[in-house]
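The next block is entry_0.csv, given as CSV, C-alpha atoms.
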```csv
chain,number,residue,atom,x,y,z
Q,1,MET,CA,-25.4,-129.8,8.5
Q,2,THR,CA,-21.7,-129.8,7.8
Q,3,SER,CA,-19.4,-127.6,5.9
Q,4,GLU,CA,-19.9,-129.9,2.9
Q,5,HIS,CA,-22.6,-127.5,1.9
Q,6,ALA,CA,-19.9,-124.8,1.5
Q,7,VAL,CA,-19.2,-125.8,-2.0
Q,8,HIS,CA,-22.9,-125.4,-2.9
Q,9,ALA,CA,-23.3,-122.1,-1.0
Q,10,MET,CA,-20.3,-120.4,-2.4
Q,11,PRO,CA,-17.9,-121.2,-5.3
Q,12,GLY,CA,-14.3,-121.5,-4.0
Q,13,ASP,CA,-13.1,-118.4,-5.8
Q,14,HIS,CA,-15.5,-116.2,-3.8
Q,15,ALA,CA,-13.8,-117.2,-0.5
Q,16,ALA,CA,-11.1,-114.5,-0.8
Q,17,ASP,CA,-13.9,-111.9,-1.7
Q,18,ILE,CA,-15.8,-112.8,1.5
Q,19,ASP,CA,-12.6,-112.5,3.6
Q,20,ARG,CA,-12.0,-109.1,2.1
Q,21,HIS,CA,-15.6,-108.1,2.9
Q,22,VAL,CA,-15.3,-109.3,6.5
Q,23,LYS,CA,-12.3,-107.0,7.0
Q,24,ILE,CA,-14.4,-104.1,5.6
Q,25,TYR,CA,-17.3,-105.0,8.0
Q,26,ILE,CA,-15.0,-104.8,11.0
Q,27,SER,CA,-13.6,-101.4,9.8
Q,28,VAL,CA,-17.1,-100.1,9.3
Q,29,PHE,CA,-18.1,-101.3,12.7
Q,30,VAL,CA,-15.2,-99.4,14.3
Q,31,SER,CA,-16.1,-96.3,12.3
Q,32,LEU,CA,-19.7,-96.5,13.4
Q,33,MET,CA,-18.7,-96.8,17.1
Q,34,VAL,CA,-16.3,-93.8,16.8
Q,35,LEU,CA,-19.1,-91.7,15.1
Q,36,THR,CA,-21.5,-92.6,17.8
Q,37,ILE,CA,-19.1,-91.3,20.4
Q,38,VAL,CA,-18.6,-88.1,18.3
Q,39,THR,CA,-22.4,-87.6,18.2
Q,40,VAL,CA,-22.8,-87.9,21.9
Q,41,THR,CA,-19.7,-85.8,22.7
Q,42,VAL,CA,-20.8,-83.0,20.4
Q,43,SER,CA,-24.3,-82.9,22.0
Q,44,ARG,CA,-22.6,-82.2,25.4
Q,45,PHE,CA,-21.3,-78.9,24.1
Q,46,HIS,CA,-24.9,-77.5,23.9
Q,47,LEU,CA,-24.3,-75.8,20.6
Q,48,PRO,CA,-27.0,-73.5,19.2
Q,49,VAL,CA,-29.8,-75.6,17.7
Q,50,PRO,CA,-29.2,-74.9,14.0
Q,51,ILE,CA,-25.5,-75.9,14.4
Q,52,ALA,CA,-26.3,-78.9,16.6
Q,53,VAL,CA,-28.9,-80.1,14.1
Q,54,THR,CA,-26.5,-79.7,11.2
Q,55,VAL,CA,-23.6,-81.6,12.9
Q,56,ALA,CA,-25.9,-84.4,14.2
Q,57,LEU,CA,-27.5,-84.8,10.7
Q,58,ILE,CA,-24.1,-84.9,9.0
Q,59,VAL,CA,-22.8,-87.5,11.4
Q,60,ALA,CA,-26.0,-89.5,11.1
Q,61,ILE,CA,-25.9,-89.4,7.2
Q,62,ILE,CA,-22.3,-90.6,7.3
Q,63,LYS,CA,-23.2,-93.5,9.6
Q,64,GLY,CA,-26.3,-94.3,7.6
Q,65,SER,CA,-24.3,-94.3,4.3
Q,66,LEU,CA,-21.8,-96.7,5.8
Q,67,VAL,CA,-24.5,-99.1,6.8
Q,68,ALA,CA,-26.3,-98.8,3.5
Q,69,CYS,CA,-23.1,-99.0,1.3
Q,70,TYR,CA,-21.3,-101.8,3.1
Q,71,PHE,CA,-23.7,-103.8,5.3
Q,72,MET,CA,-26.5,-103.6,2.8
Q,73,HIS,CA,-24.0,-104.0,-0.1
Q,74,LEU,CA,-25.6,-101.0,-1.9
Q,75,LEU,CA,-22.1,-100.2,-3.5
Q,76,SER,CA,-22.3,-103.3,-5.6
Q,77,GLU,CA,-26.0,-103.6,-6.4
Q,78,ARG,CA,-27.8,-103.9,-9.7
Q,79,LYS,CA,-29.2,-100.9,-11.7
Q,80,LEU,CA,-32.8,-101.7,-10.8
Q,81,ILE,CA,-32.0,-101.4,-7.0
Q,82,TYR,CA,-30.4,-98.0,-7.7
Q,83,ALA,CA,-33.5,-97.0,-9.7
Q,84,VAL,CA,-35.8,-98.0,-6.8
Q,85,MET,CA,-33.6,-96.1,-4.3
Q,86,ALA,CA,-33.3,-93.0,-6.5
Q,87,LEU,CA,-37.1,-92.9,-6.7
Q,88,THR,CA,-37.4,-93.4,-2.9
Q,89,VAL,CA,-34.9,-90.7,-2.1
Q,90,THR,CA,-36.7,-88.3,-4.5
Q,91,PHE,CA,-40.0,-88.8,-2.7
Q,92,PHE,CA,-38.4,-88.8,0.7
Q,93,VAL,CA,-36.8,-85.4,0.0
Q,94,VAL,CA,-40.2,-84.0,-1.2
Q,95,LEU,CA,-41.8,-85.4,1.9
Q,96,LEU,CA,-39.3,-83.8,4.2
Q,97,SER,CA,-39.4,-80.5,2.4
Q,98,LEU,CA,-43.1,-80.2,2.9
Q,99,PRO,CA,-42.9,-79.1,6.6
Q,100,ILE,CA,-40.0,-76.8,5.7
Q,101,ILE,CA,-42.1,-75.1,3.0
Q,102,THR,CA,-45.0,-74.9,5.4
Q,103,HIS,CA,-42.8,-73.3,8.0
Q,104,MET,CA,-41.5,-70.8,5.5
Q,105,ASN,CA,-45.0,-69.9,4.5
Q,106,GLY,CA,-45.7,-69.3,8.1
Q,107,LEU,CA,-42.8,-66.8,8.3
Q,108,TRP,CA,-44.1,-65.0,5.2
Q,109,ILE,CA,-47.6,-64.6,6.7
Q,110,HIS,CA,-46.1,-63.1,9.9
Q,111,GLU,CA,-44.1,-60.6,7.8
Y,1,MET,CA,-45.8,-125.0,-7.5
Y,2,GLU,CA,-42.2,-124.0,-7.4
Y,3,ILE,CA,-41.4,-120.4,-6.6
Y,4,PRO,CA,-39.5,-119.0,-9.6
Y,5,TYR,CA,-36.2,-117.0,-9.3
Y,6,THR,CA,-35.4,-117.8,-5.7
Y,7,VAL,CA,-31.8,-118.8,-6.6
Y,8,GLU,CA,-31.3,-118.2,-10.3
Y,9,LEU,CA,-31.2,-114.6,-11.4
Y,10,ARG,CA,-33.8,-113.0,-13.7
Y,11,ARG,CA,-32.3,-112.2,-17.1
Y,12,ASP,CA,-34.1,-108.9,-17.3
Y,13,THR,CA,-33.0,-107.5,-13.9
Y,14,GLY,CA,-30.0,-109.6,-12.9
Y,15,LEU,CA,-31.6,-110.1,-9.5
Y,16,ASN,CA,-33.6,-112.8,-7.8
Y,17,ASN,CA,-37.2,-112.0,-6.8
Y,18,GLY,CA,-36.5,-111.9,-3.1
Y,19,LYS,CA,-33.9,-109.2,-3.5
Y,20,ILE,CA,-36.3,-107.0,-5.6
Y,21,GLY,CA,-39.1,-107.7,-3.1
Y,22,ILE,CA,-37.2,-106.7,0.0
Y,23,TRP,CA,-35.8,-103.5,-1.6
Y,24,LEU,CA,-39.3,-102.5,-2.7
Y,25,PHE,CA,-40.6,-103.2,0.9
Y,26,LEU,CA,-37.7,-101.1,2.3
Y,27,ALA,CA,-38.7,-98.3,-0.1
Y,28,SER,CA,-42.2,-98.3,1.4
Y,29,GLU,CA,-40.6,-98.3,4.9
Y,30,VAL,CA,-38.5,-95.2,4.1
Y,31,MET,CA,-41.7,-93.4,3.2
Y,32,LEU,CA,-43.5,-94.6,6.4
Y,33,PHE,CA,-40.7,-93.3,8.7
Y,34,GLY,CA,-40.2,-90.3,6.4
Y,35,ALA,CA,-43.9,-89.3,7.0
Y,36,LEU,CA,-43.3,-89.5,10.7
Y,37,PHE,CA,-40.1,-87.5,10.5
Y,38,ALA,CA,-41.9,-84.9,8.5
Y,39,SER,CA,-44.6,-84.7,11.1
Y,40,TYR,CA,-41.9,-84.4,13.8
Y,41,ILE,CA,-40.3,-81.4,11.9
Y,42,LEU,CA,-43.7,-79.8,11.4
Y,43,ILE,CA,-44.7,-80.2,15.1
Y,44,ARG,CA,-41.3,-79.0,16.4
Y,45,THR,CA,-40.9,-76.0,14.1
Y,46,GLY,CA,-44.6,-75.0,14.8
Y,47,SER,CA,-44.2,-75.2,18.5
Y,48,PRO,CA,-43.4,-72.0,20.5
Y,49,SER,CA,-41.0,-74.0,22.7
Y,50,TRP,CA,-39.5,-77.5,22.5
Y,51,PRO,CA,-37.5,-79.4,25.1
Y,52,ARG,CA,-34.0,-80.7,24.5
Y,53,GLY,CA,-34.2,-84.5,24.3
Y,54,ASP,CA,-31.6,-85.0,26.9
Y,55,THR,CA,-33.6,-83.1,29.5
Y,56,MET,CA,-36.5,-85.7,29.3
Y,57,LEU,CA,-34.9,-88.9,28.0
Y,58,ASN,CA,-32.2,-91.2,29.2
Y,59,VAL,CA,-29.2,-90.6,26.9
Y,60,PRO,CA,-26.8,-93.2,28.4
Y,61,MET,CA,-29.4,-95.9,27.9
Y,62,ALA,CA,-30.1,-94.8,24.3
Y,63,THR,CA,-26.3,-94.6,23.6
Y,64,PHE,CA,-26.0,-98.2,24.9
Y,65,ASN,CA,-28.8,-99.3,22.7
Y,66,THR,CA,-27.2,-97.6,19.7
Y,67,ILE,CA,-24.0,-99.6,20.4
Y,68,VAL,CA,-26.2,-102.8,20.8
Y,69,LEU,CA,-28.0,-102.3,17.4
Y,70,ILE,CA,-24.8,-101.4,15.5
Y,71,THR,CA,-23.1,-104.5,17.0
Y,72,SER,CA,-26.2,-106.6,16.0
Y,73,SER,CA,-25.9,-105.3,12.4
Y,74,VAL,CA,-22.3,-106.6,12.3
Y,75,THR,CA,-23.2,-110.0,13.7
Y,76,MET,CA,-26.1,-110.1,11.1
Y,77,VAL,CA,-23.8,-109.5,8.2
Y,78,MET,CA,-21.2,-111.9,9.7
Y,79,ALA,CA,-24.0,-114.6,9.8
Y,80,TRP,CA,-24.5,-114.1,6.1
Y,81,ALA,CA,-20.7,-114.1,5.4
Y,82,SER,CA,-20.4,-117.4,7.4
Y,83,LEU,CA,-23.0,-119.0,5.2
Y,84,MET,CA,-21.2,-117.8,2.1
Y,85,ARG,CA,-18.1,-119.5,3.5
Y,86,GLY,CA,-20.1,-122.6,4.2
Y,87,GLN,CA,-19.6,-122.4,8.0
Y,88,PHE,CA,-23.1,-123.2,9.3
Y,89,GLY,CA,-21.9,-123.5,12.9
Y,90,ARG,CA,-20.6,-119.9,12.8
Y,91,PHE,CA,-23.8,-118.8,11.1
Y,92,ARG,CA,-25.8,-120.2,14.0
Y,93,MET,CA,-23.5,-118.4,16.5
Y,94,TYR,CA,-23.7,-115.0,14.8
Y,95,MET,CA,-27.4,-115.3,14.1
Y,96,GLY,CA,-28.1,-116.3,17.7
Y,97,THR,CA,-26.1,-113.3,18.9
Y,98,THR,CA,-28.1,-111.0,16.6
Y,99,VAL,CA,-31.3,-112.3,18.1
Y,100,LEU,CA,-29.9,-111.9,21.6
Y,101,LEU,CA,-28.8,-108.4,21.0
Y,102,GLY,CA,-32.3,-107.6,19.7
Y,103,PHE,CA,-33.6,-108.9,23.1
Y,104,VAL,CA,-31.1,-106.7,24.9
Y,105,PHE,CA,-32.3,-103.7,22.9
Y,106,LEU,CA,-35.9,-104.5,23.9
Y,107,ILE,CA,-35.0,-105.0,27.6
Y,108,VAL,CA,-33.3,-101.6,27.7
Y,109,LYS,CA,-36.3,-100.0,26.0
Y,110,TYR,CA,-38.6,-101.7,28.6
Y,111,PHE,CA,-36.6,-100.0,31.4
Y,112,GLU,CA,-36.7,-96.7,29.6
Y,113,TYR,CA,-40.5,-96.8,29.0
Y,114,SER,CA,-41.1,-98.0,32.6
Y,115,ALA,CA,-39.2,-95.0,34.0
Y,116,HIS,CA,-41.2,-92.6,31.8
Y,117,PHE,CA,-44.6,-94.2,32.9
Y,118,ALA,CA,-43.5,-94.1,36.5
Y,119,GLU,CA,-42.8,-90.4,36.2
Y,120,GLY,CA,-46.3,-89.9,34.6
Y,121,ALA,CA,-44.8,-89.2,31.2
Y,122,PHE,CA,-47.2,-90.7,28.6
Y,123,PRO,CA,-47.8,-90.1,24.9
Y,124,ARG,CA,-50.8,-87.9,25.8
Y,125,THR,CA,-48.6,-85.7,28.1
Y,126,ASN,CA,-47.1,-83.4,25.4
Y,127,ASN,CA,-46.2,-83.3,21.7
Y,128,PHE,CA,-42.6,-84.2,22.4
Y,129,LEU,CA,-43.5,-87.4,24.2
Y,130,ALA,CA,-46.2,-88.2,21.6
Y,131,ILE,CA,-43.7,-88.1,18.8
Y,132,TYR,CA,-41.1,-89.9,20.9
Y,133,PHE,CA,-43.4,-92.8,21.8
Y,134,THR,CA,-44.8,-93.0,18.3
Y,135,LEU,CA,-41.4,-93.1,16.6
Y,136,THR,CA,-39.6,-95.4,19.1
Y,137,GLY,CA,-42.7,-97.6,19.4
Y,138,LEU,CA,-42.9,-98.2,15.7
Y,139,HIS,CA,-39.2,-98.8,15.6
Y,140,MET,CA,-39.5,-101.3,18.4
Y,141,LEU,CA,-42.2,-103.2,16.4
Y,142,HIS,CA,-39.7,-103.4,13.6
Y,143,VAL,CA,-37.1,-104.8,16.0
Y,144,ILE,CA,-39.6,-107.4,17.2
Y,145,GLY,CA,-40.5,-108.3,13.5
Y,146,GLY,CA,-36.8,-108.6,12.5
Y,147,MET,CA,-36.1,-110.7,15.6
Y,148,ALA,CA,-38.9,-113.1,14.7
Y,149,VAL,CA,-37.6,-113.6,11.2
Y,150,ASN,CA,-34.0,-114.0,12.4
Y,151,ALA,CA,-35.0,-116.5,15.1
Y,152,TYR,CA,-36.9,-118.5,12.4
Y,153,PHE,CA,-33.8,-118.7,10.3
Y,154,TRP,CA,-31.7,-119.6,13.3
Y,155,GLY,CA,-34.2,-122.4,14.2
Y,156,PRO,CA,-36.7,-124.2,12.1
Y,157,GLY,CA,-36.0,-122.2,8.9
Y,158,ALA,CA,-32.4,-123.5,8.9
Y,159,LYS,CA,-33.6,-126.8,7.5
Y,160,LEU,CA,-33.4,-125.2,4.1
Y,161,TRP,CA,-29.6,-125.1,4.4
Y,162,LYS,CA,-29.6,-128.9,3.9
Y,163,GLU,CA,-31.9,-128.9,0.9
Y,164,ASN,CA,-30.9,-125.7,-0.9
Y,165,PRO,CA,-28.0,-123.7,0.7
Y,166,THR,CA,-27.9,-121.0,-1.9
Y,167,TRP,CA,-31.6,-120.2,-1.4
Y,168,PHE,CA,-31.1,-120.2,2.4
Y,169,ALA,CA,-28.1,-117.8,2.1
Y,170,ASN,CA,-30.3,-115.5,-0.1
Y,171,ARG,CA,-33.1,-115.5,2.5
Y,172,VAL,CA,-30.7,-114.7,5.3
Y,173,GLU,CA,-29.3,-111.9,3.1
Y,174,HIS,CA,-32.8,-110.5,2.6
Y,175,ALA,CA,-33.6,-110.7,6.4
Y,176,GLY,CA,-30.2,-109.0,6.9
Y,177,LEU,CA,-31.2,-106.1,4.6
Y,178,PHE,CA,-34.3,-105.5,6.8
Y,179,TRP,CA,-32.3,-105.7,10.0
Y,180,HIS,CA,-29.7,-103.2,8.7
Y,181,PHE,CA,-32.6,-100.9,7.8
Y,182,VAL,CA,-33.9,-101.1,11.4
Y,183,ASP,CA,-30.4,-100.1,12.5
Y,184,LEU,CA,-30.3,-97.3,10.0
Y,185,VAL,CA,-33.6,-95.9,11.3
Y,186,TRP,CA,-32.3,-95.9,14.8
Y,187,ILE,CA,-29.1,-94.1,13.7
Y,188,PHE,CA,-31.3,-91.1,12.8
Y,189,LEU,CA,-33.8,-91.5,15.6
Y,190,PHE,CA,-31.1,-91.4,18.3
Y,191,PRO,CA,-29.7,-87.9,17.7
Y,192,THR,CA,-33.1,-86.5,16.5
Y,193,LEU,CA,-35.0,-87.5,19.6
Y,194,TYR,CA,-32.4,-87.8,22.4
Y,195,LEU,CA,-29.7,-85.3,21.6
Y,196,LEU,CA,-31.3,-82.2,19.9
```
Can the structure from this file be put into structure tokens for me?
Amino acid sequence: MTSEHAVHAMPGDHAADIDRHVKIYISVFVSLMVLTIVTVTVSRFHLPVPIAVTVALIVAIIKGSLVACYFMHLLSERKLIYAVMALTVTFFVVLLSLPIITHMNGLWIHE
Amino acid sequence: MEIPYTVELRRDTGLNNGKIGIWLFLASEVMLFGALFASYILIRTGSPSWPRGDTMLNVPMATFNTIVLITSSVTMVMAWASLMRGQFGRFRMYMGTTVLLGFVFLIVKYFEYSAHFAEGAFPRTNNFLAIYFTLTGLHMLHVIGGMAVNAYFWGPGAKLWKENPTWFANRVEHAGLFWHFVDLVWIFLFPTLYLL
């Protein structure tokens, strides 16, 4: 298994693209590490729960987006993948809103 | 019979079948974890009191595991990039590191779980621990599954590189998509369970 296979695995003109991608991967890695430190540091302030949840979720969404966009190459995917993801996100939001709606109903009953 | 569209792209979608397959699978995984997250929100908001995660769980260990998983995501994508550059030796190194980091994650989790069990903290103990063990246990199964696939491509599955390097690179990319998803789930599990 030698590098002779390189020519089959990747046309030569893609080499520069891959090098550019590798630099981006390293930048994303550093960003993810910094954001992890931010998450842990913020949690030490013992903020009120609603604020703590908001901050933690915002940081987690940024980290998740970095992973999805760059490591999973979602930024440069085909339309069909976007369609699958859009459908998934729609149902995911509906799923997560169910307990929130249930909780709100609970509040109305108590009133 | 030869499997169609493993290398060449379908004209209607512009994708190979493996890519569509893994994304559809990941969509189902999002719903699986979404259902558990929804259950977590429902149980937590419906509970008269809820403990902060850091009072019951080991945050330094989980922080270390977060760093381990993020690093493994980078080594995974570097393994694929190495194949795209035609550097099989580097692919082996990065893929081997990814599998090893998976092991490190599991070992840390073993120590975490052992400490909980030693303290008499089990899934049946309370709702917090029930949701904690369910979510982290399911995630751990995904880590094990991903490691098995990655180890296969590092070892016996790598024979395909000789016969059809493009197909092999595609398969590694698809395995990588799953591994990144496992990392992504942990990115949300960590603050949700340990820090809030």
- Query: Taking all atoms listed in the file into account, which residues of chain Q are within 8 Å of chain Y, as a count of residues only?
  - Reply: 52
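Atom CA of Ala79 of chain Y sits 4.4 Å away from atom CA of Phe91 of chain Y.
Take atom CA of Ser65 of chain Q and atom CA of His21 of chain Q: the distance between them is 16.4 Å.
Remark: for Phe103 of chain Y, the closest of the candidate residues Y:Val68, Y:Ile22, Y:Leu57, Y:Ala62 is Y:Val68 (distances computed over only C-alpha atoms).
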- Just give me the gap between atom CA of Tyr82 of chain Q and atom CA of Leu9 of chain Y in Å, one decimal is fine. 17.0 Å
- Task: Just the residues within 12 Å of Gly102 of chain Y, please, counting all atoms listed in the file, with nothing from its chain fewer than 2 positions along; format it as a PyMOL selection string.
- Result: chain Y and resi 65-73+75-76+95-100+104-109+139-151+179+182-183
